[in-house]
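Visitor: Let me give you the structure first, and then I'll get to my questions.
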Amino acid sequence: MPLTFSPLSDEALVRPPRELFPRSVFLMRQIGSPPGIDRLMNEHAVCALTARGYRIIDADASTGAKDFLERIFGLIRGTSITAAVFSGETRGTALANIMLELGFAAMCGKPLMILKSTEASAPSDLTRTDWINFDPTDVDGFERKINQALDEAEKLAHYEELLLNVALEADSMDCAVAIERVLKCFLLTGDGKFLEKAEVIKHRLSNRHKVDGVSDLQRLYEEISMIIKLGRASLNHSS
C-alpha cells in the first residue's frame with residue numbers, strides 16, 4: 001500500500017482488523033437521545049436484520065483507551081455490511097459522524113445500506129447508492145426493502161466466491177487479492193470453508209515468503225495467518 005497522510009495509523013490502514021464479526025452489520029446512528037423517527041427506524045431495522053441472522057454492531061460495541069477513529073474504522077472493516085440510519089431530525093454532529101463513517105465504509109468496499117426518513121437527503125456522492133426510505137405507515141415495506149438489500153449482499157458473496165475459486169485454480173495467483181476475497185466472503189457468510197481456502201493461499205506462499213529482501217511477501221503471509229486465527233476465534237465465540 002502506498003504511503004498515506006492520514007489521521008489513522010499505518011496499523012489501522014494496512015493490518016487486518018483486530019476482531020472479525022461474520023454475518024454482522026455495523027449500524028451507524030445517533031446514539032445519544034435520538035429523535036423519535038430515528039429510534040423507530042432503528043428498531044425496525046434491527047428487527048429485520050436480526051431475523052435474518054445478522055449481529056448488530058455499533059459504536060458502543062467496544063470501549064477503551066484506543067483512538068476512537070481507529071476503533072470505528074476497525075469495526076467497519078471487521079463487519080460484513082455497513083448501515084446508516086438518519087432523518088431530517090438527526091442532530092447535525094451525529095449526522096456528520098455518520099457521513100464520515102459511510103465514507104470509510106465505501107472506501108473499504110463494504111455493501112452500504114442507507115436507511116432514512118423520506119424528507120432526509122442522502123449524500124450527493126452516494127446518489128448511485130440505493131437507499132431505503134422509511135414510511136411509518138408502511139413498516140412492512142421498509143423491512144421488505146431491507147431484506148432485498150440483504151439478498152443483494154448475499155449474491156455478492158456468491159459472486160466473490162466464484163472469483164476466489166478461479167484465483168485458487170490459477171497457475172499464478174495474486175495472493176493479496178485472493179485473501180481479500182476470502183475475507184469478504186467469510187464476513188458476509190460466516191462460513192468456515194473460507195478459512196480453509198485461506199489456508200490454501202497461505203500454503204502457496206509458504207515457500208516464498210522468506211525470500212531475502214522481499215518484506216511484502218512476509219507481511220502478507222503474516223496477515224493471512226492472522227485472518228485465519230481471527231476467523232476461527234470469531235466462529236468459536238459465536239458457537
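Starting from 1 in every chain, residues are counted up; chains themselves are A, B, ... following the order of the C-alpha cells, and ligands are numbered from 1 as listed.
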Just want the 7 Å neighbourhood of Asp58 in chain A, counted on only C-alpha atoms, with same-chain residues fewer than 2 positions away dropped. Output as a list in words.

Guide: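 Once the nearby chain positions are removed, what remains is Phe26, Leu27, Met28, Ile56, Asp60 and Ala61 of chain A.
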
Visitor: Just write the chosen residues, N, CA and C atoms, as a PDB file, in the first residue's frame.

Guide:
ATOM      1  N   PHE A  26     -22.591  -3.217  10.780  1.00  0.00           N
ATOM      2  CA  PHE A  26     -22.178  -2.060  11.566  1.00  0.00           C
ATOM      3  C   PHE A  26     -23.237  -0.989  11.364  1.00  0.00           C
ATOM      4  N   LEU A  27     -23.979  -0.686  12.432  1.00  0.00           N
ATOM      5  CA  LEU A  27     -25.138   0.200  12.356  1.00  0.00           C
ATOM      6  C   LEU A  27     -24.755   1.578  12.889  1.00  0.00           C
ATOM      7  N   MET A  28     -24.803   2.567  12.019  1.00  0.00           N
ATOM      8  CA  MET A  28     -24.441   3.936  12.370  1.00  0.00           C
ATOM      9  C   MET A  28     -25.721   4.738  12.586  1.00  0.00           C
ATOM     10  N   ILE A  56     -25.770  -7.196  15.266  1.00  0.00           N
ATOM     11  CA  ILE A  56     -25.712  -5.742  15.177  1.00  0.00           C
ATOM     12  C   ILE A  56     -24.508  -5.244  15.975  1.00  0.00           C
ATOM     13  N   ASP A  60     -20.972   1.634  20.256  1.00  0.00           N
ATOM     14  CA  ASP A  60     -20.914   1.235  21.665  1.00  0.00           C
ATOM     15  C   ASP A  60     -20.423  -0.195  21.835  1.00  0.00           C
ATOM     16  N   ALA A  61     -20.050  -0.859  20.725  1.00  0.00           N
ATOM     17  CA  ALA A  61     -19.682  -2.274  20.794  1.00  0.00           C
ATOM     18  C   ALA A  61     -18.383  -2.513  21.545  1.00  0.00           C
TER      19      ALA A  61
END

Visitor: May I have the residues within 12 Å of Ile228 in chain A as a PyMOL selection string, using only C-alpha atoms and disregarding those fewer than 4 positions away in the same chain?

Guide: chain A and resi 16+19-20+179+182-183+186+192-202+221-224+232-235

Visitor: When DSSP works through the backbone of this structure, what residues of range 108-233 of chain A end up as helix (DSSP H, G or I), shown as a ChimeraX atom specification?

Guide: /A:124-126,139-169,175-189,193-205,215-233

Visitor: Which residue out of A:Gly190, A:Val25, A:Leu40, A:Leu162 has the minimum interatomic distance to Leu112 in chain A when only C-alpha atoms are used?

Guide: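 The shortest atom-to-atom distance to Leu112 in chain A comes from A:Val25.
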
Visitor: With only C-alpha atoms as the atoms that count, which of A:Leu168, A:Ile31, A:Leu217, A:Ala157 lies nearest to Lys184 in chain A?

Guide: A:Ala157

Visitor: In terms of the shortest atom-to-atom distance over only C-alpha atoms, which of A:Leu205, A:Asp138, A:Ala84, A:Thr90 is closest to Gly32 in chain A?

Guide: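 That would be A:Thr90, the residue with the smallest distance to Gly32 in chain A.
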
Visitor: Would you mind reading off the distance between CA of Arg219 in chain A and CA of Met173 in chain A, one decimal, in Å?

Guide: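 Here the two named atoms are 16.7 Å from each other.
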
Visitor: Suppose you want the space between CA of Lys145 in chain A and CA of Leu102 in chain A; what is it in Å?

Guide: 19.5 Å

Visitor: Counting only C-alpha atoms, which residue out of A:Met99, A:Leu75, A:Cys108, A:Ala45 sits closest to Ala149 in chain A?

Guide: A:Ala45

Visitor: Mind giving me the straight-line distance from CA of Val85 in chain A to CA of Leu115 in chain A in Å, one decimal?

Guide: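 Atom-to-atom, CA of Val85 in chain A and CA of Leu115 in chain A are spaced 4.8 Å apart.
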
Visitor: Counting only C-alpha atoms, which residue out of A:Phe68, A:Tyr159, A:Phe73, A:Tyr54 sits closest to Phe104 in chain A?

Guide: A:Phe73

Visitor: Which one is closest to Leu188 in chain A: A:Val166, A:Ala105, A:Ile81, A:Met226? Count only C-alpha atoms.

Guide: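 Distance minimum relative to Leu188 in chain A lands on A:Ile81.
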
Visitor: Would you mind listing what lies within 7 Å of Ala178 in chain A as a list in words, with only C-alpha atoms counted and same-chain residues fewer than 4 positions away left out?

Guide: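 Near neighbours after the sequence-gap exclusion: Leu164, Ala167, Asp174 and Val182 of chain A.
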
Visitor: For N, CA and C atoms, I'd like the residues from the last selection saved as a PDB file, in the first residue's frame.

Guide:
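To be explicit, this is the file written out as result_28.pdb:
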ATOM      1  N   LEU A 164     -13.004 -16.031  -6.356  1.00  0.00           N
ATOM      2  CA  LEU A 164     -11.986 -16.635  -5.496  1.00  0.00           C
ATOM      3  C   LEU A 164     -11.599 -18.018  -6.000  1.00  0.00           C
ATOM      4  N   ALA A 167      -9.306 -17.810  -8.862  1.00  0.00           N
ATOM      5  CA  ALA A 167      -7.954 -17.452  -8.424  1.00  0.00           C
ATOM      6  C   ALA A 167      -7.226 -18.649  -7.834  1.00  0.00           C
ATOM      7  N   ASP A 174      -2.696 -14.083  -7.596  1.00  0.00           N
ATOM      8  CA  ASP A 174      -2.468 -12.836  -6.873  1.00  0.00           C
ATOM      9  C   ASP A 174      -2.979 -13.069  -5.456  1.00  0.00           C
ATOM     10  N   VAL A 182     -11.395 -13.793   0.177  1.00  0.00           N
ATOM     11  CA  VAL A 182     -11.682 -14.701   1.293  1.00  0.00           C
ATOM     12  C   VAL A 182     -12.321 -13.938   2.444  1.00  0.00           C
TER      13      VAL A 182
END
